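Raw query_23.pdb, PDB, C-alpha atoms and all ligand atoms:
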ATOM      1  CA  MET A 244      24.588  -6.030   5.224  1.00  0.00           C
ATOM      2  CA  ASP A 245      23.988  -2.387   6.167  1.00  0.00           C
ATOM      3  CA  ASP A 246      20.382  -2.491   7.182  1.00  0.00           C
ATOM      4  CA  CYS A 247      20.200  -5.880   8.845  1.00  0.00           C
ATOM      5  CA  LYS A 248      19.977  -5.891  12.591  1.00  0.00           C
ATOM      6  CA  CYS A 249      20.832  -9.547  12.227  1.00  0.00           C
ATOM      7  CA  SER A 250      20.684 -10.534  15.881  1.00  0.00           C
ATOM      8  CA  LEU A 251      17.207  -9.035  16.032  1.00  0.00           C
ATOM      9  CA  VAL A 252      16.165 -10.941  12.912  1.00  0.00           C
ATOM     10  CA  ASP A 253      17.726 -14.100  14.353  1.00  0.00           C
ATOM     11  CA  GLY A 254      15.604 -13.606  17.465  1.00  0.00           C
ATOM     12  CA  ILE A 255      12.456 -13.441  15.355  1.00  0.00           C
ATOM     13  CA  LEU A 256      13.477 -16.488  13.329  1.00  0.00           C
ATOM     14  CA  ASN A 257      14.235 -18.468  16.473  1.00  0.00           C
ATOM     15  CA  LYS A 258      10.878 -17.564  17.938  1.00  0.00           C
ATOM     16  CA  TYR A 259       9.317 -19.248  14.915  1.00  0.00           C
ATOM     17  CA  ASP A 260      11.719 -22.214  15.059  1.00  0.00           C
ATOM     18  CA  ASN A 261      13.378 -21.101  11.806  1.00  0.00           C
ATOM     19  CA  ASN A 262      10.396 -22.708  10.161  1.00  0.00           C
ATOM     20  CA  LYS A 263       9.486 -21.481   6.705  1.00  0.00           C
ATOM     21  CA  SER A 264       5.833 -22.353   7.215  1.00  0.00           C
ATOM     22  CA  ASN A 265       5.757 -19.389   9.618  1.00  0.00           C
ATOM     23  CA  LEU A 266       6.958 -17.028   6.924  1.00  0.00           C
ATOM     24  CA  ILE A 267       4.002 -14.633   7.100  1.00  0.00           C
ATOM     25  CA  ALA A 268       4.267 -14.205  10.862  1.00  0.00           C
ATOM     26  CA  ILE A 269       8.029 -13.750  10.529  1.00  0.00           C
ATOM     27  CA  LEU A 270       7.597 -11.060   7.880  1.00  0.00           C
ATOM     28  CA  GLN A 271       4.992  -9.340  10.021  1.00  0.00           C
ATOM     29  CA  GLU A 272       7.387  -9.095  12.953  1.00  0.00           C
ATOM     30  CA  ILE A 273      10.194  -7.889  10.746  1.00  0.00           C
ATOM     31  CA  GLN A 274       7.930  -5.216   9.336  1.00  0.00           C
ATOM     32  CA  ASN A 275       6.955  -4.163  12.848  1.00  0.00           C
ATOM     33  CA  GLU A 276      10.634  -3.605  13.585  1.00  0.00           C
ATOM     34  CA  TYR A 277      11.693  -1.842  10.392  1.00  0.00           C
ATOM     35  CA  LYS A 278       8.302  -0.403   9.361  1.00  0.00           C
ATOM     36  CA  TYR A 279       8.902  -2.056   5.986  1.00  0.00           C
ATOM     37  CA  LEU A 280      10.690  -5.093   4.588  1.00  0.00           C
ATOM     38  CA  PRO A 281      14.248  -4.135   3.609  1.00  0.00           C
ATOM     39  CA  GLU A 282      15.591  -6.211   0.751  1.00  0.00           C
ATOM     40  CA  ASP A 283      18.838  -7.186   2.447  1.00  0.00           C
ATOM     41  CA  VAL A 284      16.910  -8.411   5.475  1.00  0.00           C
ATOM     42  CA  LEU A 285      14.705 -10.533   3.222  1.00  0.00           C
ATOM     43  CA  ASN A 286      17.845 -11.879   1.626  1.00  0.00           C
ATOM     44  CA  TYR A 287      19.164 -12.837   5.037  1.00  0.00           C
ATOM     45  CA  VAL A 288      15.862 -14.510   5.934  1.00  0.00           C
ATOM     46  CA  ALA A 289      15.869 -16.436   2.653  1.00  0.00           C
ATOM     47  CA  GLY A 290      19.320 -17.801   3.469  1.00  0.00           C
ATOM     48  CA  LYS A 291      18.382 -18.731   7.020  1.00  0.00           C
ATOM     49  CA  LEU A 292      15.111 -20.433   6.067  1.00  0.00           C
ATOM     50  CA  GLU A 293      16.656 -21.955   2.968  1.00  0.00           C
ATOM     51  CA  ILE A 294      13.977 -20.666   0.685  1.00  0.00           C
ATOM     52  CA  ASN A 295      14.139 -18.734  -2.517  1.00  0.00           C
ATOM     53  CA  LEU A 296      14.160 -14.954  -2.229  1.00  0.00           C
ATOM     54  CA  SER A 297      11.586 -14.794  -5.013  1.00  0.00           C
ATOM     55  CA  LYS A 298       9.207 -16.872  -2.865  1.00  0.00           C
ATOM     56  CA  ILE A 299       9.535 -14.296  -0.076  1.00  0.00           C
ATOM     57  CA  PHE A 300       8.940 -11.481  -2.547  1.00  0.00           C
ATOM     58  CA  SER A 301       5.820 -13.155  -3.867  1.00  0.00           C
ATOM     59  CA  VAL A 302       4.420 -13.383  -0.321  1.00  0.00           C
ATOM     60  CA  ALA A 303       5.479  -9.817   0.495  1.00  0.00           C
ATOM     61  CA  THR A 304       3.842  -8.401  -2.616  1.00  0.00           C
ATOM     62  CA  PHE A 305       0.681 -10.502  -2.289  1.00  0.00           C
ATOM     63  CA  TYR A 306      -0.372  -9.038   1.051  1.00  0.00           C
ATOM     64  CA  GLU A 307      -1.320  -5.395   0.955  1.00  0.00           C
ATOM     65  CA  ASN A 308      -0.030  -4.827   4.471  1.00  0.00           C
ATOM     66  CA  PHE A 309       3.562  -5.549   3.592  1.00  0.00           C
ATOM     67  CA  SER A 310       5.694  -2.781   2.193  1.00  0.00           C
ATOM     68  CA  LEU A 311       8.980  -3.144   0.359  1.00  0.00           C
ATOM     69  CA  VAL A 312       9.722   0.555   0.576  1.00  0.00           C
ATOM     70  CA  PRO A 313      10.265   2.658   3.705  1.00  0.00           C
ATOM     71  CA  LYS A 314       7.274   4.557   4.994  1.00  0.00           C
ATOM     72  CA  GLY A 315       6.993   7.802   6.895  1.00  0.00           C
ATOM     73  CA  LYS A 316       6.739   8.310  10.631  1.00  0.00           C
ATOM     74  CA  TYR A 317       3.092   9.245  10.198  1.00  0.00           C
ATOM     75  CA  ILE A 318       1.160   6.840   8.002  1.00  0.00           C
ATOM     76  CA  ILE A 319      -2.024   8.545   6.899  1.00  0.00           C
ATOM     77  CA  LYS A 320      -4.769   6.456   5.353  1.00  0.00           C
ATOM     78  CA  VAL A 321      -7.580   8.213   3.572  1.00  0.00           C
ATOM     79  CA  CYS A 322     -10.679   6.085   3.342  1.00  0.00           C
ATOM     80  CA  ASP A 323     -12.161   5.994  -0.120  1.00  0.00           C
ATOM     81  CA  GLY A 324     -14.901   3.490   0.506  1.00  0.00           C
ATOM     82  CA  THR A 325     -18.357   4.390  -0.731  1.00  0.00           C
ATOM     83  CA  ALA A 326     -19.568   6.322   2.314  1.00  0.00           C
ATOM     84  CA  CYS A 327     -16.379   8.361   2.542  1.00  0.00           C
ATOM     85  CA  HIS A 328     -16.198   8.866  -1.188  1.00  0.00           C
ATOM     86  CA  VAL A 329     -19.676  10.398  -1.397  1.00  0.00           C
ATOM     87  CA  ARG A 330     -18.785  12.615   1.556  1.00  0.00           C
ATOM     88  CA  LYS A 331     -15.812  13.954  -0.372  1.00  0.00           C
ATOM     89  CA  SER A 332     -12.760  11.946   0.581  1.00  0.00           C
ATOM     90  CA  ILE A 333     -11.034  12.808  -2.710  1.00  0.00           C
ATOM     91  CA  PRO A 334     -10.775  16.559  -2.013  1.00  0.00           C
ATOM     92  CA  ILE A 335      -9.193  15.595   1.332  1.00  0.00           C
ATOM     93  CA  LEU A 336      -6.696  13.346  -0.429  1.00  0.00           C
ATOM     94  CA  ASN A 337      -5.899  15.981  -3.029  1.00  0.00           C
ATOM     95  CA  ALA A 338      -5.434  18.723  -0.449  1.00  0.00           C
ATOM     96  CA  MET A 339      -3.091  16.519   1.539  1.00  0.00           C
ATOM     97  CA  ARG A 340      -1.048  15.511  -1.497  1.00  0.00           C
ATOM     98  CA  LYS A 341      -0.726  19.147  -2.495  1.00  0.00           C
ATOM     99  CA  GLU A 342       0.347  20.196   0.993  1.00  0.00           C
ATOM    100  CA  LEU A 343       2.941  17.422   1.197  1.00  0.00           C
ATOM    101  CA  GLY A 344       4.130  17.390  -2.419  1.00  0.00           C
ATOM    102  CA  LEU A 345       2.888  13.849  -2.948  1.00  0.00           C
ATOM    103  CA  SER A 346       1.067  12.179  -5.815  1.00  0.00           C
ATOM    104  CA  GLU A 347      -0.515   8.928  -6.867  1.00  0.00           C
ATOM    105  CA  SER A 348       2.928   7.478  -7.462  1.00  0.00           C
ATOM    106  CA  LYS A 349       4.822   9.215  -4.633  1.00  0.00           C
ATOM    107  CA  HIS A 350       3.398   8.242  -1.254  1.00  0.00           C
ATOM    108  CA  THR A 351       6.116   9.286   1.166  1.00  0.00           C
ATOM    109  CA  THR A 352       7.640  12.716   1.759  1.00  0.00           C
ATOM    110  CA  ASP A 353      11.389  13.071   1.236  1.00  0.00           C
ATOM    111  CA  ASP A 354      11.893  13.827   4.932  1.00  0.00           C
ATOM    112  CA  LYS A 355      10.184  10.477   5.694  1.00  0.00           C
ATOM    113  CA  LEU A 356       7.705  12.196   7.964  1.00  0.00           C
ATOM    114  CA  PHE A 357       4.471  11.388   6.103  1.00  0.00           C
ATOM    115  CA  THR A 358       3.125   8.558   4.009  1.00  0.00           C
ATOM    116  CA  VAL A 359      -0.294   9.003   2.438  1.00  0.00           C
ATOM    117  CA  GLU A 360      -2.265   6.015   1.198  1.00  0.00           C
ATOM    118  CA  THR A 361      -5.861   5.301   0.301  1.00  0.00           C
ATOM    119  CA  VAL A 362      -7.822   2.399   1.704  1.00  0.00           C
ATOM    120  CA  SER A 363     -11.253   1.014   1.118  1.00  0.00           C
ATOM    121  CA  CYS A 364     -13.769   1.130   3.965  1.00  0.00           C
ATOM    122  CA  LEU A 365     -12.210   1.482   7.414  1.00  0.00           C
ATOM    123  CA  GLY A 366     -15.415   0.252   9.008  1.00  0.00           C
ATOM    124  CA  ALA A 367     -16.433   3.583  10.487  1.00  0.00           C
ATOM    125  CA  CYS A 368     -18.796   4.760   7.752  1.00  0.00           C
ATOM    126  CA  GLY A 369     -21.053   6.649  10.200  1.00  0.00           C
ATOM    127  CA  LEU A 370     -18.091   8.947  10.834  1.00  0.00           C
ATOM    128  CA  ALA A 371     -17.335   9.564   7.152  1.00  0.00           C
ATOM    129  CA  PRO A 372     -15.182  10.964   5.761  1.00  0.00           C
ATOM    130  CA  VAL A 373     -12.585   9.218   7.867  1.00  0.00           C
ATOM    131  CA  ILE A 374      -8.809   9.189   7.879  1.00  0.00           C
ATOM    132  CA  THR A 375      -6.428   7.329  10.155  1.00  0.00           C
ATOM    133  CA  ILE A 376      -3.002   8.425  11.237  1.00  0.00           C
ATOM    134  CA  ASN A 377      -0.915   5.568  12.613  1.00  0.00           C
ATOM    135  CA  ASP A 378      -4.189   3.741  13.305  1.00  0.00           C
ATOM    136  CA  LYS A 379      -5.826   6.566  15.234  1.00  0.00           C
ATOM    137  CA  VAL A 380      -9.181   7.413  13.665  1.00  0.00           C
ATOM    138  CA  TYR A 381     -10.126  10.986  12.745  1.00  0.00           C
ATOM    139  CA  ALA A 382     -13.795  11.478  11.905  1.00  0.00           C
ATOM    140  CA  LYS A 383     -15.753  13.858   9.692  1.00  0.00           C
ATOM    141  CA  MET A 384     -12.671  15.389   8.124  1.00  0.00           C
ATOM    142  CA  THR A 385     -12.510  18.264   5.655  1.00  0.00           C
ATOM    143  CA  PRO A 386      -9.583  19.371   3.491  1.00  0.00           C
ATOM    144  CA  ASP A 387      -8.989  22.252   5.918  1.00  0.00           C
ATOM    145  CA  SER A 388      -9.095  20.193   9.094  1.00  0.00           C
ATOM    146  CA  THR A 389      -6.748  17.671   7.501  1.00  0.00           C
ATOM    147  CA  ILE A 390      -4.215  20.353   6.599  1.00  0.00           C
ATOM    148  CA  GLU A 391      -4.415  21.701  10.144  1.00  0.00           C
ATOM    149  CA  LEU A 392      -3.682  18.235  11.456  1.00  0.00           C
ATOM    150  CA  ILE A 393      -0.684  17.874   9.162  1.00  0.00           C
ATOM    151  CA  LYS A 394       0.681  21.210  10.295  1.00  0.00           C
ATOM    152  CA  THR A 395       0.358  20.175  13.916  1.00  0.00           C
ATOM    153  CA  LEU A 396       2.137  16.883  13.307  1.00  0.00           C
ATOM    154  CA  ARG A 397       4.839  18.616  11.305  1.00  0.00           C
ATOM    155  CA  SER A 398       5.511  21.052  14.128  1.00  0.00           C
ATOM    156  CA  GLU A 399       5.806  18.094  16.502  1.00  0.00           C
ATOM    157  CA  GLY A 400       8.301  16.505  14.090  1.00  0.00           C
TER     158      GLY A 400
HETATM  159  S1  LIG A 501     -16.431   4.035   3.618  1.00  0.00           S
HETATM  160 FE1  LIG A 501     -15.009   5.087   4.841  1.00  0.00          FE
HETATM  161  S2  LIG A 501     -15.267   4.173   6.757  1.00  0.00           S
HETATM  162 FE2  LIG A 501     -16.605   3.061   5.491  1.00  0.00          FE
END

Entire entry expressed as structure tokens:
Amino acid sequence: MDDCKCSLVDGILNKYDNNKSNLIAILQEIQNEYKYLPEDVLNYVAGKLEINLSKIFSVATFYENFSLVPKGKYIIKVCDGTACHVRKSIPILNAMRKELGLSESKHTTDDKLFTVETVSCLGACGLAPVITINDKVYAKMTPDSTIELIKTLRSEG
């Protein structure tokens, strides 16, 4: 099992008494560690909790917060709720995708530095249009200011 830091996963499982009713909390902690849910780790968890892998997949795909694919170091969320949308969130999204070579179906750059996603209202409509980068909020963005931000992050690596 290449990707499985099994002793780490065992620690998480033990913390939740190896109890399958804690599956969501267990998956959350695993995702915090790996930044996504690697399939071989889920396989390991299924064996340990004696539940079907497909059951774990159905939980992991049900909740938007779980990811089955690796994400970038910088996770950028572009708000496309109503307030942000009318204040031109889509041009921001498009500019960012163009700069990073991403699209609607490709969310993460090949160098695994950036992931770009859209979200509905981030709850900061007065600051629209809003983006977040790893949960830090950036207010009143424009396509240009977003590109500047990306360039800064890229130079920091
Ligand atoms: S619509 Fe973007 S923060 Fe509310």

Discussion item. Using only C-alpha atoms and all ligand atoms for the distances, tell me which of A:Ile393, A:Ala326, A:Leu343, A:Met384 is nearest to ligand LIG 501 (chain A).
Written reply: A:Ala326

Dump the neighbourhood of ligand LIG 501 (chain A) as a CSV table (one decimal) with C-alpha atoms, keeping the file's coordinate frame: all residues within 6 Å, distances computed on all atoms listed in the file.
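Dumped everything to selection-v7.csv:
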chain,number,residue,atom,x,y,z
A,322,CYS,CA,-10.7,6.1,3.3
A,323,ASP,CA,-12.2,6.0,-0.1
A,324,GLY,CA,-14.9,3.5,0.5
A,325,THR,CA,-18.4,4.4,-0.7
A,326,ALA,CA,-19.6,6.3,2.3
A,327,CYS,CA,-16.4,8.4,2.5
A,364,CYS,CA,-13.8,1.1,4.0
A,365,LEU,CA,-12.2,1.5,7.4
A,366,GLY,CA,-15.4,0.3,9.0
A,367,ALA,CA,-16.4,3.6,10.5
A,368,CYS,CA,-18.8,4.8,7.8
A,371,ALA,CA,-17.3,9.6,7.2
A,372,PRO,CA,-15.2,11.0,5.8
A,373,VAL,CA,-12.6,9.2,7.9

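Going from CA of Lys278 (chain A) over to CA of Asn377 (chain A), you cover 11.5 Å.
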
Please enclose the listed atoms of region 368-374 of chain A in an axis-aligned box, pad each side by 3 Å, and write out the centre and the three edge lengths in Å, rounded to one decimal, as AutoDock Vina command-line options.
--center_x -14.9 --center_y 7.9 --center_z 8.3 --size_x 18.2 --size_y 12.2 --size_z 11.1

Worksheet entry | region 344-355 of chain A surroundings by all atoms listed in the file, 10 Å radius, close-in-sequence under 4 positions cut, as a PyMOL selection string | chain A and resi 312-319+336-340+359-361

Keeping only C-alpha atoms, write those residues as a short mmCIF file (atom, residue, chain, number, x, y, z; two decimals), keeping the file's coordinate frame.
data_model
loop_
_atom_site.label_atom_id
_atom_site.label_comp_id
_atom_site.auth_asym_id
_atom_site.auth_seq_id
_atom_site.Cartn_x
_atom_site.Cartn_y
_atom_site.Cartn_z
CA VAL A 312 9.72 0.56 0.58
CA PRO A 313 10.26 2.66 3.70
CA LYS A 314 7.27 4.56 4.99
CA GLY A 315 6.99 7.80 6.90
CA LYS A 316 6.74 8.31 10.63
CA TYR A 317 3.09 9.24 10.20
CA ILE A 318 1.16 6.84 8.00
CA ILE A 319 -2.02 8.54 6.90
CA LEU A 336 -6.70 13.35 -0.43
CA ASN A 337 -5.90 15.98 -3.03
CA ALA A 338 -5.43 18.72 -0.45
CA MET A 339 -3.09 16.52 1.54
CA ARG A 340 -1.05 15.51 -1.50
CA VAL A 359 -0.29 9.00 2.44
CA GLU A 360 -2.26 6.02 1.20
CA THR A 361 -5.86 5.30 0.30
#

Worksheet item: So how many Å separate CA of Asn257 (chain A) and CA of Asn308 (chain A), to one decimal?
Response: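 For CA of Asn257 (chain A) relative to CA of Asn308 (chain A), the distance reads 23.1 Å.
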
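Of the listed residues A:Ser388, A:Asn275, A:Thr375, A:Asn295, the one whose atoms come nearest to Lys263 (chain A) is A:Asn295, with distances taken using all atoms listed in the file.
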
Worksheet item: A:Arg397, A:Val321, A:Ile255, A:Glu307: which is nearest Ala382 (chain A), counting only C-alpha atoms?
Response: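 Ranked by minimum distance to Ala382 (chain A), first place goes to A:Val321.
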
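Among the candidates A:Thr389, A:Ser297, A:Ser363, A:Asn262, the residue lying nearest to Leu285 (chain A) is A:Ser297 (atoms considered: only C-alpha atoms).
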
Fill in: Residue nearest Ala289 (chain A) - candidates A:Asn261, A:Thr395, A:Thr358, A:Ser250, atoms counted: only C-alpha atoms
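Under the stated criterion, the closest residue is A:Asn261.
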
Practice prompt. For CA of Leu251 (chain A) and CA of Tyr277 (chain A), quote the distance in Å rounded to one decimal.
Written response: 10.7 Å

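Take the candidates A:Val302, A:Val362, A:Val284, A:Ile333 and check each one against Ser264 (chain A) using all atoms listed in the file; the shortest distance goes to A:Val302.
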
Item to complete: Check what the PyMOL selection byres (((chain A and resi 249) around 12) and not hetatm) selects in the file above and give those residues as a count of residues only.
Response: 22

With the input short on atoms, add N, CA, C and O atoms back to region 262-280 of chain A and write it as a PDB file, in the coordinates of the input.
ATOM      1  N   ASN A 262      11.266 -21.853  10.965  1.00  0.00           N
ATOM      2  CA  ASN A 262      10.396 -22.708  10.161  1.00  0.00           C
ATOM      3  C   ASN A 262       9.724 -21.883   9.062  1.00  0.00           C
ATOM      4  O   ASN A 262       8.994 -20.934   9.325  1.00  0.00           O
ATOM      5  N   LYS A 263       9.987 -22.291   7.822  1.00  0.00           N
ATOM      6  CA  LYS A 263       9.486 -21.481   6.705  1.00  0.00           C
ATOM      7  C   LYS A 263       7.965 -21.467   6.608  1.00  0.00           C
ATOM      8  O   LYS A 263       7.393 -20.594   5.960  1.00  0.00           O
ATOM      9  N   SER A 264       7.299 -22.407   7.268  1.00  0.00           N
ATOM     10  CA  SER A 264       5.833 -22.353   7.215  1.00  0.00           C
ATOM     11  C   SER A 264       5.291 -21.196   8.060  1.00  0.00           C
ATOM     12  O   SER A 264       4.108 -20.869   7.991  1.00  0.00           O
ATOM     13  N   ASN A 265       6.169 -20.572   8.846  1.00  0.00           N
ATOM     14  CA  ASN A 265       5.757 -19.389   9.618  1.00  0.00           C
ATOM     15  C   ASN A 265       6.153 -18.088   8.927  1.00  0.00           C
ATOM     16  O   ASN A 265       6.220 -17.035   9.573  1.00  0.00           O
ATOM     17  N   LEU A 266       6.403 -18.175   7.634  1.00  0.00           N
ATOM     18  CA  LEU A 266       6.958 -17.028   6.924  1.00  0.00           C
ATOM     19  C   LEU A 266       6.136 -15.740   7.098  1.00  0.00           C
ATOM     20  O   LEU A 266       6.695 -14.669   7.331  1.00  0.00           O
ATOM     21  N   ILE A 267       4.825 -15.857   7.024  1.00  0.00           N
ATOM     22  CA  ILE A 267       4.002 -14.633   7.100  1.00  0.00           C
ATOM     23  C   ILE A 267       4.153 -13.962   8.465  1.00  0.00           C
ATOM     24  O   ILE A 267       4.354 -12.747   8.559  1.00  0.00           O
ATOM     25  N   ALA A 268       4.110 -14.768   9.514  1.00  0.00           N
ATOM     26  CA  ALA A 268       4.267 -14.205  10.862  1.00  0.00           C
ATOM     27  C   ALA A 268       5.663 -13.601  11.018  1.00  0.00           C
ATOM     28  O   ALA A 268       5.834 -12.538  11.635  1.00  0.00           O
ATOM     29  N   ILE A 269       6.650 -14.258  10.454  1.00  0.00           N
ATOM     30  CA  ILE A 269       8.029 -13.750  10.529  1.00  0.00           C
ATOM     31  C   ILE A 269       8.129 -12.394   9.819  1.00  0.00           C
ATOM     32  O   ILE A 269       8.677 -11.436  10.362  1.00  0.00           O
ATOM     33  N   LEU A 270       7.540 -12.324   8.626  1.00  0.00           N
ATOM     34  CA  LEU A 270       7.597 -11.060   7.880  1.00  0.00           C
ATOM     35  C   LEU A 270       6.852  -9.953   8.623  1.00  0.00           C
ATOM     36  O   LEU A 270       7.270  -8.792   8.625  1.00  0.00           O
ATOM     37  N   GLN A 271       5.749 -10.341   9.257  1.00  0.00           N
ATOM     38  CA  GLN A 271       4.992  -9.340  10.021  1.00  0.00           C
ATOM     39  C   GLN A 271       5.850  -8.736  11.139  1.00  0.00           C
ATOM     40  O   GLN A 271       5.866  -7.531  11.344  1.00  0.00           O
ATOM     41  N   GLU A 272       6.552  -9.601  11.848  1.00  0.00           N
ATOM     42  CA  GLU A 272       7.387  -9.095  12.953  1.00  0.00           C
ATOM     43  C   GLU A 272       8.543  -8.249  12.438  1.00  0.00           C
ATOM     44  O   GLU A 272       8.919  -7.250  13.047  1.00  0.00           O
ATOM     45  N   ILE A 273       9.100  -8.679  11.326  1.00  0.00           N
ATOM     46  CA  ILE A 273      10.194  -7.889  10.746  1.00  0.00           C
ATOM     47  C   ILE A 273       9.674  -6.518  10.331  1.00  0.00           C
ATOM     48  O   ILE A 273      10.297  -5.493  10.598  1.00  0.00           O
ATOM     49  N   GLN A 274       8.486  -6.513   9.736  1.00  0.00           N
ATOM     50  CA  GLN A 274       7.930  -5.216   9.336  1.00  0.00           C
ATOM     51  C   GLN A 274       7.624  -4.338  10.550  1.00  0.00           C
ATOM     52  O   GLN A 274       7.789  -3.125  10.501  1.00  0.00           O
ATOM     53  N   ASN A 275       7.188  -4.953  11.633  1.00  0.00           N
ATOM     54  CA  ASN A 275       6.955  -4.163  12.848  1.00  0.00           C
ATOM     55  C   ASN A 275       8.239  -3.483  13.303  1.00  0.00           C
ATOM     56  O   ASN A 275       8.217  -2.360  13.794  1.00  0.00           O
ATOM     57  N   GLU A 276       9.350  -4.159  13.160  1.00  0.00           N
ATOM     58  CA  GLU A 276      10.634  -3.605  13.585  1.00  0.00           C
ATOM     59  C   GLU A 276      11.117  -2.493  12.665  1.00  0.00           C
ATOM     60  O   GLU A 276      11.552  -1.453  13.114  1.00  0.00           O
ATOM     61  N   TYR A 277      11.089  -2.765  11.360  1.00  0.00           N
ATOM     62  CA  TYR A 277      11.693  -1.842  10.392  1.00  0.00           C
ATOM     63  C   TYR A 277      10.690  -0.872   9.780  1.00  0.00           C
ATOM     64  O   TYR A 277      11.073   0.052   9.098  1.00  0.00           O
ATOM     65  N   LYS A 278       9.400  -1.161   9.987  1.00  0.00           N
ATOM     66  CA  LYS A 278       8.302  -0.403   9.361  1.00  0.00           C
ATOM     67  C   LYS A 278       8.169  -0.714   7.871  1.00  0.00           C
ATOM     68  O   LYS A 278       7.334  -0.145   7.184  1.00  0.00           O
ATOM     69  N   TYR A 279       9.038  -1.550   7.353  1.00  0.00           N
ATOM     70  CA  TYR A 279       8.902  -2.056   5.986  1.00  0.00           C
ATOM     71  C   TYR A 279       9.804  -3.279   5.899  1.00  0.00           C
ATOM     72  O   TYR A 279      10.410  -3.680   6.912  1.00  0.00           O
ATOM     73  N   LEU A 280       9.869  -3.887   4.727  1.00  0.00           N
ATOM     74  CA  LEU A 280      10.690  -5.093   4.588  1.00  0.00           C
ATOM     75  C   LEU A 280      11.928  -4.774   3.743  1.00  0.00           C
ATOM     76  O   LEU A 280      11.851  -4.792   2.511  1.00  0.00           O
TER      77      LEU A 280
END
